[in-house]
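structure-v7.pdb follows; it contains PDB, C-alpha atoms, pLDDT in the B column.
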ATOM      1  CA  SER A1201      17.873  -4.820  10.061  1.00 41.00           C
ATOM      2  CA  GLU A1202      15.470  -7.407   8.706  1.00 42.00           C
ATOM      3  CA  ARG A1203      14.744  -7.622   5.032  1.00 43.00           C
ATOM      4  CA  PRO A1204      11.157  -7.176   3.924  1.00 42.00           C
ATOM      5  CA  PRO A1205       9.124  -9.905   2.180  1.00 42.00           C
ATOM      6  CA  PRO A1206      10.206 -10.985  -1.346  1.00 37.00           C
ATOM      7  CA  LEU A1207       7.704  -8.703  -3.024  1.00 37.00           C
ATOM      8  CA  LEU A1208       9.435  -5.344  -2.858  1.00 35.00           C
ATOM      9  CA  LEU A1209       6.843  -2.729  -2.064  1.00 37.00           C
ATOM     10  CA  ARG A1210       6.766   0.847  -3.214  1.00 39.00           C
ATOM     11  CA  LEU A1211       3.838   2.700  -1.745  1.00 38.00           C
ATOM     12  CA  GLN A1212       2.406   5.363  -4.086  1.00 35.00           C
ATOM     13  CA  CYS A1213      -0.756   6.395  -2.292  1.00 35.00           C
ATOM     14  CA  SER A1214      -1.799   9.687  -0.726  1.00 34.00           C
ATOM     15  CA  LEU A1215      -1.899   9.169   3.023  1.00 36.00           C
ATOM     16  CA  LEU A1216      -0.718  12.402   4.560  1.00 34.00           C
ATOM     17  CA  LEU A1217      -1.964  14.785   1.871  1.00 33.00           C
ATOM     18  CA  PRO A1218      -4.957  14.780  -0.469  1.00 33.00           C
ATOM     19  CA  PRO A1219      -4.452  12.907  -3.777  1.00 36.00           C
ATOM     20  CA  THR A1220      -2.714  14.786  -6.541  1.00 34.00           C
ATOM     21  CA  THR A1221      -4.023  14.897 -10.083  1.00 32.00           C
ATOM     22  CA  SER A1222      -2.545  12.188 -12.289  1.00 35.00           C
ATOM     23  CA  SER A1223      -3.035  10.679 -15.696  1.00 32.00           C
ATOM     24  CA  SER A1224      -4.117   7.505 -13.903  1.00 38.00           C
ATOM     25  CA  ASN A1225      -7.242   7.161 -11.811  1.00 39.00           C
ATOM     26  CA  TYR A1226      -5.286   5.249  -9.248  1.00 38.00           C
ATOM     27  CA  THR A1227      -1.771   6.712  -9.036  1.00 34.00           C
ATOM     28  CA  THR A1228      -1.096   9.257  -6.301  1.00 34.00           C
ATOM     29  CA  SER A1229       1.812  10.219  -4.081  1.00 37.00           C
ATOM     30  CA  MET A1230       2.534  10.117  -0.371  1.00 48.00           C
ATOM     31  CA  LYS A1231       4.207  13.017   1.353  1.00 48.00           C
ATOM     32  CA  LYS A1232       4.791  14.204   4.881  1.00 47.00           C
ATOM     33  CA  PRO A1233       3.626  17.795   5.495  1.00 40.00           C
ATOM     34  CA  GLY A1234       6.740  19.770   4.612  1.00 42.00           C
ATOM     35  CA  GLY A1235       7.642  17.673   1.600  1.00 43.00           C
ATOM     36  CA  ASP A1236       9.476  14.576   2.892  1.00 61.00           C
ATOM     37  CA  ALA A1237       8.442  11.342   1.196  1.00 77.00           C
ATOM     38  CA  VAL A1238       7.219   8.447   3.315  1.00 78.00           C
ATOM     39  CA  ALA A1239       8.834   5.034   2.841  1.00 80.00           C
ATOM     40  CA  ILE A1240       7.897   1.539   3.982  1.00 76.00           C
ATOM     41  CA  PRO A1241       9.997  -1.642   4.092  1.00 74.00           C
ATOM     42  CA  GLY A1242      10.937  -2.678   0.576  1.00 75.00           C
ATOM     43  CA  ASP A1243      10.482   0.798  -0.925  1.00 80.00           C
ATOM     44  CA  ARG A1244      13.076   1.111  -3.702  1.00 83.00           C
ATOM     45  CA  LEU A1245      15.024   4.325  -3.101  1.00 89.00           C
ATOM     46  CA  GLY A1246      17.278   4.272  -6.143  1.00 88.00           C
ATOM     47  CA  GLU A1247      20.420   2.830  -7.719  1.00 89.00           C
ATOM     48  CA  LEU A1248      23.461   2.115  -5.560  1.00 89.00           C
ATOM     49  CA  LYS A1249      25.676   3.984  -7.996  1.00 90.00           C
ATOM     50  CA  GLU A1250      23.688   7.146  -7.228  1.00 91.00           C
ATOM     51  CA  ILE A1251      22.963   6.670  -3.509  1.00 91.00           C
ATOM     52  CA  VAL A1252      24.985   6.223  -0.336  1.00 90.00           C
ATOM     53  CA  PRO A1253      22.849   3.913   1.857  1.00 90.00           C
ATOM     54  CA  GLY A1254      22.199   5.458   5.269  1.00 89.00           C
ATOM     55  CA  ASP A1255      20.245   4.535   8.384  1.00 87.00           C
ATOM     56  CA  GLY A1256      17.082   2.537   7.828  1.00 85.00           C
ATOM     57  CA  THR A1257      18.164   1.214   4.430  1.00 89.00           C
ATOM     58  CA  TYR A1258      19.697  -1.915   2.942  1.00 87.00           C
ATOM     59  CA  VAL A1259      21.320  -2.908  -0.347  1.00 86.00           C
ATOM     60  CA  LEU A1260      19.994  -5.674  -2.572  1.00 82.00           C
ATOM     61  CA  GLY A1261      21.739  -6.194  -5.885  1.00 81.00           C
ATOM     62  CA  ASP A1262      22.448  -2.804  -7.441  1.00 84.00           C
ATOM     63  CA  ALA A1263      19.663  -0.935  -5.630  1.00 86.00           C
ATOM     64  CA  VAL A1264      18.997   0.608  -2.213  1.00 89.00           C
ATOM     65  CA  TYR A1265      15.768  -0.111  -0.317  1.00 85.00           C
ATOM     66  CA  SER A1266      14.051   1.090   2.838  1.00 85.00           C
ATOM     67  CA  SER A1267      14.096  -1.363   5.746  1.00 79.00           C
ATOM     68  CA  ILE A1268      11.701   0.542   8.059  1.00 77.00           C
ATOM     69  CA  VAL A1269       8.616   2.771   7.972  1.00 76.00           C
ATOM     70  CA  GLY A1270       9.649   6.414   8.107  1.00 79.00           C
ATOM     71  CA  PHE A1271      10.406   9.633   6.264  1.00 82.00           C
ATOM     72  CA  LYS A1272      13.056   9.812   3.566  1.00 87.00           C
ATOM     73  CA  ARG A1273      15.829  12.304   4.314  1.00 87.00           C
ATOM     74  CA  THR A1274      18.287  13.266   1.581  1.00 88.00           C
ATOM     75  CA  GLY A1275      21.772  14.465   2.505  1.00 85.00           C
ATOM     76  CA  ASP A1276      24.498  16.290   0.626  1.00 81.00           C
ATOM     77  CA  GLU A1277      25.784  15.044  -2.690  1.00 82.00           C
ATOM     78  CA  ARG A1278      29.355  13.798  -2.764  1.00 80.00           C
ATOM     79  CA  GLU A1279      31.137  12.535  -5.856  1.00 81.00           C
ATOM     80  CA  GLY A1280      27.855  12.123  -7.679  1.00 85.00           C
ATOM     81  CA  ARG A1281      26.139  10.115  -4.899  1.00 91.00           C
ATOM     82  CA  VAL A1282      23.550  11.306  -2.385  1.00 92.00           C
ATOM     83  CA  ARG A1283      23.138   9.848   1.100  1.00 92.00           C
ATOM     84  CA  ILE A1284      19.586   8.775   1.954  1.00 91.00           C
ATOM     85  CA  ASP A1285      18.369   7.928   5.450  1.00 89.00           C
ATOM     86  CA  ILE A1286      14.942   6.699   6.537  1.00 87.00           C
ATOM     87  CA  ILE A1287      13.971   8.419   9.770  1.00 83.00           C
ATOM     88  CA  ARG A1288      11.263   7.105  12.060  1.00 75.00           C
ATOM     89  CA  ALA A1289       8.552   9.626  12.975  1.00 62.00           C
ATOM     90  CA  ARG A1290       9.173  10.928  16.497  1.00 58.00           C
ATOM     91  CA  GLU A1291       6.678  13.761  16.788  1.00 47.00           C
ATOM     92  CA  ARG A1292       3.924  11.641  18.352  1.00 43.00           C
ATOM     93  CA  LYS A1293       3.527  12.087  22.111  1.00 42.00           C
ATOM     94  CA  ALA A1294       0.914   9.342  22.447  1.00 51.00           C
ATOM     95  CA  THR A1295       0.273   6.085  20.673  1.00 64.00           C
ATOM     96  CA  VAL A1296      -2.248   6.416  17.832  1.00 77.00           C
ATOM     97  CA  LEU A1297      -4.765   3.595  17.580  1.00 83.00           C
ATOM     98  CA  PRO A1298      -7.080   2.784  14.661  1.00 88.00           C
ATOM     99  CA  GLY A1299     -10.717   3.505  15.448  1.00 88.00           C
ATOM    100  CA  VAL A1300     -13.994   2.255  14.023  1.00 91.00           C
ATOM    101  CA  GLY A1301     -14.723   4.145  10.801  1.00 92.00           C
ATOM    102  CA  ASP A1302     -11.073   5.114  10.250  1.00 93.00           C
ATOM    103  CA  VAL A1303      -9.526   4.635   6.823  1.00 93.00           C
ATOM    104  CA  VAL A1304      -6.287   2.698   7.240  1.00 93.00           C
ATOM    105  CA  THR A1305      -3.459   1.599   4.990  1.00 92.00           C
ATOM    106  CA  ALA A1306      -2.261  -1.957   5.523  1.00 93.00           C
ATOM    107  CA  ARG A1307      -0.047  -4.601   3.975  1.00 92.00           C
ATOM    108  CA  VAL A1308      -1.365  -8.089   3.227  1.00 94.00           C
ATOM    109  CA  THR A1309       0.678 -10.735   5.037  1.00 94.00           C
ATOM    110  CA  LYS A1310      -1.307 -13.924   4.398  1.00 94.00           C
ATOM    111  CA  VAL A1311      -4.385 -15.091   2.489  1.00 95.00           C
ATOM    112  CA  ASN A1312      -6.583 -18.163   2.746  1.00 94.00           C
ATOM    113  CA  ALA A1313      -9.978 -19.198   1.385  1.00 93.00           C
ATOM    114  CA  ARG A1314     -11.909 -17.265   4.022  1.00 92.00           C
ATOM    115  CA  SER A1315      -9.928 -14.091   4.685  1.00 94.00           C
ATOM    116  CA  ALA A1316      -6.841 -11.973   4.150  1.00 95.00           C
ATOM    117  CA  GLN A1317      -4.604 -11.084   7.075  1.00 95.00           C
ATOM    118  CA  LEU A1318      -2.919  -7.688   7.140  1.00 95.00           C
ATOM    119  CA  GLU A1319      -0.718  -5.454   9.235  1.00 93.00           C
ATOM    120  CA  ILE A1320      -2.002  -1.893   9.610  1.00 92.00           C
ATOM    121  CA  LEU A1321       0.679   0.741   8.933  1.00 88.00           C
ATOM    122  CA  PHE A1322      -1.262   4.031   8.848  1.00 88.00           C
ATOM    123  CA  THR A1323      -4.605   5.236  10.188  1.00 88.00           C
ATOM    124  CA  GLU A1324      -6.252   8.401   8.895  1.00 85.00           C
ATOM    125  CA  GLY A1325      -2.936   9.469   7.374  1.00 78.00           C
ATOM    126  CA  LYS A1326      -0.991   9.046  10.634  1.00 81.00           C
ATOM    127  CA  MET A1327       1.946   6.679  10.791  1.00 80.00           C
ATOM    128  CA  LEU A1328       1.513   4.151  13.592  1.00 82.00           C
ATOM    129  CA  ARG A1329       4.199   3.567  16.160  1.00 77.00           C
ATOM    130  CA  ASP A1330       3.502  -0.157  15.955  1.00 80.00           C
ATOM    131  CA  THR A1331       1.618  -2.201  13.388  1.00 85.00           C
ATOM    132  CA  PHE A1332      -1.762  -3.721  14.238  1.00 90.00           C
ATOM    133  CA  PRO A1333      -3.268  -6.940  12.854  1.00 93.00           C
ATOM    134  CA  GLY A1334      -6.293  -6.709  10.588  1.00 94.00           C
ATOM    135  CA  ILE A1335      -8.578  -9.154   8.775  1.00 95.00           C
ATOM    136  CA  ILE A1336     -10.654  -8.779   5.604  1.00 96.00           C
ATOM    137  CA  ARG A1337     -13.310 -11.494   5.339  1.00 95.00           C
ATOM    138  CA  THR A1338     -14.827 -12.592   2.043  1.00 94.00           C
ATOM    139  CA  LYS A1339     -18.090 -10.813   2.874  1.00 94.00           C
ATOM    140  CA  ASP A1340     -16.223  -7.523   3.349  1.00 95.00           C
ATOM    141  CA  VAL A1341     -14.237  -7.509   0.101  1.00 96.00           C
ATOM    142  CA  ARG A1342     -16.903  -5.833  -2.046  1.00 92.00           C
ATOM    143  CA  ALA A1343     -20.513  -4.699  -1.838  1.00 90.00           C
ATOM    144  CA  PHE A1344     -22.066  -6.958  -4.493  1.00 91.00           C
ATOM    145  CA  ASP A1345     -22.019 -10.610  -5.604  1.00 90.00           C
ATOM    146  CA  ILE A1346     -20.504 -11.496  -2.230  1.00 90.00           C
ATOM    147  CA  ASP A1347     -20.982 -15.263  -2.612  1.00 90.00           C
ATOM    148  CA  ALA A1348     -18.673 -15.274  -5.644  1.00 91.00           C
ATOM    149  CA  VAL A1349     -15.763 -13.520  -3.878  1.00 93.00           C
ATOM    150  CA  GLN A1350     -12.442 -15.375  -3.879  1.00 94.00           C
ATOM    151  CA  ILE A1351      -9.813 -13.900  -1.587  1.00 95.00           C
ATOM    152  CA  TYR A1352      -6.886 -14.960  -3.782  1.00 93.00           C
ATOM    153  CA  GLN A1353      -8.518 -13.152  -6.710  1.00 93.00           C
ATOM    154  CA  SER A1354      -8.723  -9.978  -4.614  1.00 95.00           C
ATOM    155  CA  TYR A1355      -5.486  -9.771  -2.590  1.00 96.00           C
ATOM    156  CA  ARG A1356      -2.033 -11.319  -2.555  1.00 94.00           C
ATOM    157  CA  PRO A1357       0.662 -11.226   0.149  1.00 93.00           C
ATOM    158  CA  GLY A1358       2.641  -8.005  -0.141  1.00 90.00           C
ATOM    159  CA  ASP A1359      -0.237  -5.920  -1.546  1.00 93.00           C
ATOM    160  CA  ILE A1360      -0.842  -2.505  -0.005  1.00 92.00           C
ATOM    161  CA  VAL A1361      -4.520  -1.974   0.752  1.00 94.00           C
ATOM    162  CA  ARG A1362      -6.689   0.977   1.742  1.00 94.00           C
ATOM    163  CA  ALA A1363      -9.519  -0.224   4.005  1.00 96.00           C
ATOM    164  CA  GLU A1364     -12.064   0.966   6.545  1.00 96.00           C
ATOM    165  CA  VAL A1365     -12.129  -0.266  10.132  1.00 95.00           C
ATOM    166  CA  GLN A1366     -15.426  -1.987  10.904  1.00 93.00           C
ATOM    167  CA  SER A1367     -14.803  -3.226  14.417  1.00 89.00           C
ATOM    168  CA  LEU A1368     -12.311  -4.825  16.772  1.00 83.00           C
ATOM    169  CA  GLY A1369     -12.610  -8.473  15.826  1.00 73.00           C
ATOM    170  CA  ASP A1370     -11.479 -11.711  17.380  1.00 67.00           C
ATOM    171  CA  SER A1371      -7.989 -12.189  18.825  1.00 64.00           C
ATOM    172  CA  LYS A1372      -7.499  -8.405  18.946  1.00 75.00           C
ATOM    173  CA  SER A1373      -7.446  -8.125  15.156  1.00 88.00           C
ATOM    174  CA  TYR A1374      -9.367  -5.328  13.487  1.00 93.00           C
ATOM    175  CA  TYR A1375     -12.112  -6.304  11.064  1.00 95.00           C
ATOM    176  CA  LEU A1376     -11.515  -4.300   7.880  1.00 96.00           C
ATOM    177  CA  SER A1377     -13.679  -3.683   4.817  1.00 96.00           C
ATOM    178  CA  THR A1378     -12.921  -2.732   1.211  1.00 96.00           C
ATOM    179  CA  ALA A1379     -16.562  -2.784   0.080  1.00 95.00           C
ATOM    180  CA  LYS A1380     -16.583   0.889  -0.945  1.00 93.00           C
ATOM    181  CA  ASN A1381     -15.354   1.976  -4.385  1.00 92.00           C
ATOM    182  CA  ASN A1382     -12.424   4.008  -3.017  1.00 93.00           C
ATOM    183  CA  LEU A1383     -11.132   1.082  -0.945  1.00 95.00           C
ATOM    184  CA  GLY A1384      -9.003  -1.868  -2.009  1.00 95.00           C
ATOM    185  CA  VAL A1385      -5.523  -2.499  -3.390  1.00 94.00           C
ATOM    186  CA  ILE A1386      -3.552   0.684  -4.037  1.00 91.00           C
ATOM    187  CA  LYS A1387      -0.164  -0.917  -4.736  1.00 89.00           C
ATOM    188  CA  ALA A1388       0.771  -4.415  -5.846  1.00 91.00           C
ATOM    189  CA  ASP A1389       3.784  -6.084  -7.414  1.00 90.00           C
ATOM    190  CA  SER A1390       3.377  -8.625 -10.186  1.00 90.00           C
ATOM    191  CA  ALA A1391       4.624 -12.207  -9.995  1.00 88.00           C
ATOM    192  CA  ALA A1392       7.694 -10.910 -11.853  1.00 87.00           C
ATOM    193  CA  GLY A1393       8.321  -8.318  -9.120  1.00 84.00           C
ATOM    194  CA  HIS A1394       7.273  -5.149 -10.967  1.00 87.00           C
ATOM    195  CA  ALA A1395       4.836  -2.504  -9.710  1.00 87.00           C
ATOM    196  CA  MET A1396       1.575  -3.127 -11.552  1.00 91.00           C
ATOM    197  CA  ILE A1397      -0.705  -0.626 -13.264  1.00 90.00           C
ATOM    198  CA  PRO A1398      -4.450  -0.693 -12.459  1.00 92.00           C
ATOM    199  CA  LEU A1399      -6.680  -1.371 -15.457  1.00 92.00           C
ATOM    200  CA  SER A1400     -10.048  -1.444 -13.687  1.00 92.00           C
ATOM    201  CA  TRP A1401     -11.557  -2.097 -10.253  1.00 92.00           C
ATOM    202  CA  LYS A1402     -10.817  -5.818 -10.627  1.00 92.00           C
ATOM    203  CA  GLU A1403      -7.609  -6.085 -12.650  1.00 94.00           C
ATOM    204  CA  MET A1404      -3.985  -4.885 -12.720  1.00 94.00           C
ATOM    205  CA  GLN A1405      -1.228  -5.423 -15.275  1.00 94.00           C
ATOM    206  CA  CYS A1406       2.524  -5.871 -15.106  1.00 93.00           C
ATOM    207  CA  PRO A1407       4.106  -3.172 -17.317  1.00 91.00           C
ATOM    208  CA  VAL A1408       7.007  -5.466 -18.241  1.00 91.00           C
ATOM    209  CA  THR A1409       5.452  -8.867 -18.898  1.00 94.00           C
ATOM    210  CA  ARG A1410       1.987  -7.450 -19.770  1.00 94.00           C
ATOM    211  CA  ARG A1411       0.465 -10.238 -17.699  1.00 94.00           C
ATOM    212  CA  LYS A1412      -2.826  -9.299 -16.053  1.00 95.00           C
ATOM    213  CA  GLU A1413      -3.631 -10.235 -12.464  1.00 95.00           C
ATOM    214  CA  PRO A1414      -6.932  -9.986 -10.572  1.00 95.00           C
ATOM    215  CA  ARG A1415      -7.248  -7.613  -7.618  1.00 96.00           C
ATOM    216  CA  LYS A1416      -9.949  -5.651  -5.834  1.00 95.00           C
ATOM    217  CA  VAL A1417      -8.517  -2.265  -6.841  1.00 95.00           C
ATOM    218  CA  ALA A1418      -9.257   0.985  -5.014  1.00 93.00           C
ATOM    219  CA  LYS A1419     -10.751   3.819  -7.041  1.00 86.00           C
ATOM    220  CA  THR A1420      -8.826   6.868  -5.870  1.00 68.00           C
ATOM    221  CA  LYS A1421      -9.971   9.708  -8.091  1.00 57.00           C
ATOM    222  CA  ILE A1422     -12.881  10.541 -10.363  1.00 40.00           C
ATOM    223  CA  SER A1423     -12.589  13.346 -12.876  1.00 29.00           C
ATOM    224  CA  ALA A1424     -14.715  16.419 -12.353  1.00 32.00           C
ATOM    225  CA  GLU A1425     -16.251  15.890 -15.785  1.00 35.00           C
ATOM    226  CA  GLY A1426     -17.061  12.255 -14.969  1.00 38.00           C
ATOM    227  CA  SER A1427     -15.599  11.214 -18.311  1.00 33.00           C
ATOM    228  CA  GLN A1428     -13.069   8.752 -16.916  1.00 36.00           C
ATOM    229  CA  GLU A1429     -13.872   5.074 -16.690  1.00 37.00           C
ATOM    230  CA  ARG A1430     -15.709   4.202 -13.499  1.00 37.00           C
ATOM    231  CA  GLY A1431     -13.630   1.696 -11.642  1.00 39.00           C
ATOM    232  CA  GLY A1432     -15.935   0.913  -8.713  1.00 42.00           C
ATOM    233  CA  GLU A1433     -18.199  -1.980  -8.040  1.00 44.00           C
ATOM    234  CA  ALA A1434     -21.404   0.022  -8.253  1.00 42.00           C
ATOM    235  CA  SER A1435     -20.942   0.574 -11.969  1.00 41.00           C
ATOM    236  CA  SER A1436     -20.273  -3.120 -12.493  1.00 42.00           C
ATOM    237  CA  THR A1437     -23.481  -4.368 -10.946  1.00 39.00           C
ATOM    238  CA  LYS A1438     -25.844  -5.635 -13.570  1.00 37.00           C
TER     239      LYS A1438
END

For this file, write the structure as structure tokens.
Amino acid sequence: SERPPPLLLRLQCSLLLPPTTSSSNYTTSMKKPGGDAVAIPGDRLGELKEIVPGDGTYVLGDAVYSSIVGFKRTGDEREGRVRIDIIRARERKATVLPGVGDVVTARVTKVNARSAQLEILFTEGKMLRDTFPGIIRTKDVRAFDIDAVQIYQSYRPGDIVRAEVQSLGDSKSYYLSTAKNNLGVIKADSAAGHAMIPLSWKEMQCPVTRRKEPRKVAKTKISAEGSQERGGEASSTK
């Protein structure tokens, strides 16, 4: 099986279930109904000394990673190691297609001065049989100060993004938008390869190097009391 891009991705967003309460405004989990975790290519499954790599996985260094999109299945433990397989979803009888207004989860594959190109992995919490191409244009990144938007300051290749489908664009690519507060980057690795922690709607930080990197970050949860920091664009408009 093919190896994923250099930035090893670990998706920690709620796609198949509502977000769970967390100490972070942005950190949630992704589960299949019934409890199985969902994995995407590059998802780190654990240390090789603790895991027997099964179907849909590969070994890089001393760790085991997912090589496909699917559900994580844990087998019996033998001699202190557990077998893990990544199983493709097979319950769909018909191909699911993203529709206008759907909230999708996609991975950034390329960025340039005018747009970011993505591959759509999930739509409305449903895993797609095949990925679909998507585009986020500079005017669709955020809802304010549009002329000042710089794509490279908003997304990087390998980022996982929550976006809304606007329309079917040119060349059969979906036009996507992250202009709403709850849309944007939900998972990104730092230049050093570590999963970053969101600091605000426009910045994330590597927990190891402490280096900060710009992103258009999705606001995923607001406290009932409204006491948490507002991470959306609306609160930043002066």

Review point. Between A:Pro1253, A:Gly1301, A:Gly1242, A:Pro1357, which one has atoms that come closest to Ser1267 (chain A), using all atoms listed in the file?
Key: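 Comparing A:Pro1253, A:Gly1301, A:Gly1242, A:Pro1357 against Ser1267 (chain A), the winner is A:Gly1242.
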
Practice item. For the structure shown, which residues end up in the PyMOL selection byres ((chain A and resi 1411-1414) around 10)? Put them as number ranges by chain, please? Key: A: 1352-1356, 1388-1392, 1396-1410, 1415-1417

Need the neighbours of (-22.7, -6.3, -1.3): which residues are at most 12 Å away, counting all atoms listed in the file, as a short mmCIF file (atom, residue, chain, number, x, y, z; two decimals) with C-alpha atoms, in the frame of the given file?
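For reference, selection29.cif as written:
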data_model
loop_
_atom_site.label_atom_id
_atom_site.label_comp_id
_atom_site.auth_asym_id
_atom_site.auth_seq_id
_atom_site.Cartn_x
_atom_site.Cartn_y
_atom_site.Cartn_z
CA THR A 1338 -14.83 -12.59 2.04
CA LYS A 1339 -18.09 -10.81 2.87
CA ASP A 1340 -16.22 -7.52 3.35
CA VAL A 1341 -14.24 -7.51 0.10
CA ARG A 1342 -16.90 -5.83 -2.05
CA ALA A 1343 -20.51 -4.70 -1.84
CA PHE A 1344 -22.07 -6.96 -4.49
CA ASP A 1345 -22.02 -10.61 -5.60
CA ILE A 1346 -20.50 -11.50 -2.23
CA ASP A 1347 -20.98 -15.26 -2.61
CA ALA A 1348 -18.67 -15.27 -5.64
CA VAL A 1349 -15.76 -13.52 -3.88
CA SER A 1377 -13.68 -3.68 4.82
CA THR A 1378 -12.92 -2.73 1.21
CA ALA A 1379 -16.56 -2.78 0.08
CA LYS A 1380 -16.58 0.89 -0.94
CA ASN A 1381 -15.35 1.98 -4.38
CA GLU A 1433 -18.20 -1.98 -8.04
CA ALA A 1434 -21.40 0.02 -8.25
CA SER A 1436 -20.27 -3.12 -12.49
CA THR A 1437 -23.48 -4.37 -10.95
#

Review point. What is the distance, in Å and to one decimal place, between CA of Leu1383 (chain A) and CA of Arg1337 (chain A)?
Key: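 A separation of 14.2 Å between them.
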
Practice item. Apply the PyMOL selection byres ((chain A and resi 1244) around 10) to the displayed file and report the matching residues as a PyMOL selection string. Key: chain A and resi 1208-1211+1239-1243+1245-1247+1257-1260+1263-1267

Can I get the selected residues back with C-alpha atoms, as an mmCIF file, in the coordinates of the input?
data_model
loop_
_atom_site.group_PDB
_atom_site.id
_atom_site.type_symbol
_atom_site.label_atom_id
_atom_site.label_comp_id
_atom_site.auth_asym_id
_atom_site.auth_seq_id
_atom_site.Cartn_x
_atom_site.Cartn_y
_atom_site.Cartn_z
ATOM 1 C CA LEU A 1208 9.435 -5.344 -2.858
ATOM 2 C CA LEU A 1209 6.843 -2.729 -2.064
ATOM 3 C CA ARG A 1210 6.766 0.847 -3.214
ATOM 4 C CA LEU A 1211 3.838 2.700 -1.745
ATOM 5 C CA ALA A 1239 8.834 5.034 2.841
ATOM 6 C CA ILE A 1240 7.897 1.539 3.982
ATOM 7 C CA PRO A 1241 9.997 -1.642 4.092
ATOM 8 C CA GLY A 1242 10.937 -2.678 0.576
ATOM 9 C CA ASP A 1243 10.482 0.798 -0.925
ATOM 10 C CA LEU A 1245 15.024 4.325 -3.101
ATOM 11 C CA GLY A 1246 17.278 4.272 -6.143
ATOM 12 C CA GLU A 1247 20.420 2.830 -7.719
ATOM 13 C CA THR A 1257 18.164 1.214 4.430
ATOM 14 C CA TYR A 1258 19.697 -1.915 2.942
ATOM 15 C CA VAL A 1259 21.320 -2.908 -0.347
ATOM 16 C CA LEU A 1260 19.994 -5.674 -2.572
ATOM 17 C CA ALA A 1263 19.663 -0.935 -5.630
ATOM 18 C CA VAL A 1264 18.997 0.608 -2.213
ATOM 19 C CA TYR A 1265 15.768 -0.111 -0.317
ATOM 20 C CA SER A 1266 14.051 1.090 2.838
ATOM 21 C CA SER A 1267 14.096 -1.363 5.746
#

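Interatomic distance, CA of Lys1249 (chain A) against CA of Asp1276 (chain A): 15.1 Å.
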
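Interatomic distance, CA of Asp1255 (chain A) to CA of Ile1284 (chain A): 7.7 Å.
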
Point to revise | Distance criterion (all atoms listed in the file): nearest to Arg1329 (chain A) out of A:Ile1360, A:Ile1287, A:Val1296, A:Val1308 | key: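 Closest candidate: A:Val1296.
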
All heavy atoms are what I want for region 1268-1272 of chain A; can you complete it accordingly and write them as a compact mmCIF listing (two decimals), keeping the file's coordinate frame?
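Below you can see rebuild.txt, which holds the result:
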# COMPACT_ATOMS: atom_id res chain seq x y z
N ILE A 1268 12.63 0.18 7.00
CA ILE A 1268 11.70 0.54 8.06
C ILE A 1268 10.64 1.49 7.51
O ILE A 1268 10.76 1.97 6.38
CB ILE A 1268 12.42 1.23 9.25
CG1 ILE A 1268 13.09 2.54 8.77
CG2 ILE A 1268 13.43 0.30 9.90
CD1 ILE A 1268 13.71 3.36 9.90
N VAL A 1269 9.60 1.74 8.31
CA VAL A 1269 8.62 2.77 7.97
C VAL A 1269 9.12 4.10 8.51
O VAL A 1269 9.47 4.22 9.68
CB VAL A 1269 7.24 2.45 8.58
CG1 VAL A 1269 6.25 3.56 8.29
CG2 VAL A 1269 6.72 1.12 8.06
N GLY A 1270 9.17 5.11 7.66
CA GLY A 1270 9.65 6.41 8.11
C GLY A 1270 9.67 7.42 6.98
O GLY A 1270 9.13 7.19 5.89
N PHE A 1271 10.30 8.56 7.24
CA PHE A 1271 10.41 9.63 6.26
C PHE A 1271 11.79 9.63 5.62
O PHE A 1271 12.80 9.43 6.28
CB PHE A 1271 10.16 10.99 6.93
CG PHE A 1271 8.80 11.11 7.56
CD1 PHE A 1271 8.65 11.24 8.93
CD2 PHE A 1271 7.67 11.08 6.77
CE1 PHE A 1271 7.40 11.35 9.49
CE2 PHE A 1271 6.41 11.18 7.33
CZ PHE A 1271 6.27 11.32 8.71
N LYS A 1272 11.80 9.83 4.31
CA LYS A 1272 13.06 9.81 3.57
C LYS A 1272 13.77 11.14 3.72
O LYS A 1272 13.21 12.19 3.44
CB LYS A 1272 12.80 9.52 2.08
CG LYS A 1272 14.07 9.39 1.27
CD LYS A 1272 13.79 8.89 -0.13
CE LYS A 1272 13.13 9.94 -0.98
NZ LYS A 1272 13.02 9.51 -2.39
